[in-house]
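For reference, the structure is listed below as structure tokens.
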Amino acid sequence: MAQRLTGFYSSAGSGMRESFGKAIRDTGIALDKLGARILGNYAHTEELCRHKRIMTVSDYKPAIGQGGWIAPNASVIGRVHLGEKSLVWYGAVLRGDIAEIKIGNNTTIGDRAIIHVSSKPPHEDKFPIIIGENCIIEHGTLLHACTLEDGCKIEAGAMVLDGATVGKGSVVASGSIVVPGRVIPPGEYWAGTPAKFVRKVTEAEQEENHRQVKQYYDLASKHDGFHSKTAEQKENEYDPYHNPLEPNAV
């Protein structure tokens, strides 16, 4: 049966293959839902995910370092280099279609973060994203054609825009906007719209950031372990009163 389907796939046109493949996958989803109804287990229906985490654009394929982790519904596209043990959490989008996105080791990209590059006329100069090692990019941030040096922390909902640089160990506060071309010196805490210098980052804050980097990686290992299980394993282990990610969830 499998051989006959393979032969059909090879000889059919691209449009027919796409339609046939979609029909087969839709059938699988329908059967899964029907099986859940028959079992009476509505709470734990397995969703079949069609999302593609790593995508090639114009022959540029992302490079993922050893130990790197990408959440099932994140998108890493085109000229992206993700360093060793770096993390891309749920819903984040890294789109390196115009220029390069380079992320160092042990850096975490939070849920729904958007990281994008840029080009400017008249000569269509390319503006990449460069993110150093041991950085924390929190949930819902926007980074556009900027540079972050090692040990930076961009808090939730902040924006760092075209040509801006955040110096080593500096912090951009939640909801702040670093305007295009702004240079933040190392070891400073900036906040506001537009972001302005507030104070120096303390040693205690730097130590806390280092601790969080490790905490994020340990937590990602648990998520990866869960997603690596088969549907049967998940079903057998399912307990509505137990959260396997606690007590160390970030």
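As shown in the structure tokens, the chain order sets the letters A, B, ...; within each chain, residues go from 1, and ligands are also counted from 1 in the order they appear.
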Counting only C-alpha atoms, what is within 7 Å of Lys61 of chain A, bar same-chain residues fewer than 5 positions away, as a PyMOL selection string?
chain A and resi 55-56+78-79
File of the preceding selection, N, CA and C atoms, as an mmCIF file, in the first residue's frame:
```cif
data_model
loop_
_atom_site.group_PDB
_atom_site.id
_atom_site.type_symbol
_atom_site.label_atom_id
_atom_site.label_comp_id
_atom_site.auth_asym_id
_atom_site.auth_seq_id
_atom_site.Cartn_x
_atom_site.Cartn_y
_atom_site.Cartn_z
ATOM 1 N N MET A 55 12.302 26.655 8.576
ATOM 2 C CA MET A 55 11.933 26.852 7.179
ATOM 3 C C MET A 55 13.079 27.458 6.377
ATOM 4 N N THR A 56 13.274 26.934 5.185
ATOM 5 C CA THR A 56 14.286 27.439 4.260
ATOM 6 C C THR A 56 13.681 28.526 3.389
ATOM 7 N N GLY A 78 14.916 31.032 7.378
ATOM 8 C CA GLY A 78 15.969 31.623 6.550
ATOM 9 C C GLY A 78 17.325 31.685 7.222
ATOM 10 N N ARG A 79 18.000 32.822 7.068
ATOM 11 C CA ARG A 79 19.386 32.981 7.519
ATOM 12 C C ARG A 79 19.462 33.216 9.028
#
```
*Apply DSSP to the structure's backbone, then extract all residues of segment 169-231 of chain A labelled strand (DSSP E) and return them as a ChimeraX atom specification.*
/A:171-172,177-178,183-184,188-191,196-200
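When the distance limit is 7 Å and only C-alpha atoms are what count, the residues near Pro128 of chain A, minus those fewer than 4 positions from it on the same chain, are Ala99, Glu100, Ile101, Val117, Ser118, Ala145 and Cys146 of chain A.
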Could you save those same residues with C-alpha atoms as a compact mmCIF listing (two decimals), in the first residue's frame?
```
# COMPACT_ATOMS: atom_id res chain seq x y z
CA ALA A 99 19.61 39.63 6.23
CA GLU A 100 21.15 37.39 8.87
CA ILE A 101 19.97 36.71 12.41
CA VAL A 117 15.97 42.13 9.96
CA SER A 118 15.79 45.08 7.55
CA ALA A 145 17.72 45.06 12.85
CA CYS A 146 19.56 45.77 16.12
```
- Query: Quick one: residues within 10 Å of Tyr90 of chain A, only C-alpha atoms counted, chain neighbours fewer than 2 positions away excluded, as number ranges by chain?
  - Reply: A: 70-75, 87-88, 92-93, 109-113, 139
Which polymer residues have any atom within 10 Å of an atom of Thr202 of chain A, counting only C-alpha atoms, with same-chain residues fewer than 6 positions away left out, as a count of residues only? 4
Expected answer as number ranges by chain: alpha helix (DSSP H) residues in segment 4-234 of chain A
A: 4-11, 14-39, 203-227, 231-234
Check: At what distance in Å, to one decimal, does atom CA of Gly157 of chain A lie from atom CA of Leu143 of chain A?
Finding: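 Atom-to-atom, atom CA of Leu143 of chain A to atom CA of Gly157 of chain A, that is 10.3 Å.
Atom CA of Ala156 of chain A sits 17.1 Å away from atom CA of Gln215 of chain A.
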**Request:** Find the residues around Met159 of chain A up to 12 Å (only C-alpha atoms counted), leave out those fewer than 2 positions away in its own chain, and share them as number ranges by chain.
**Result:** A: 113-116, 137-146, 153-157, 161-162, 164-166, 171-180, 182, 190-195
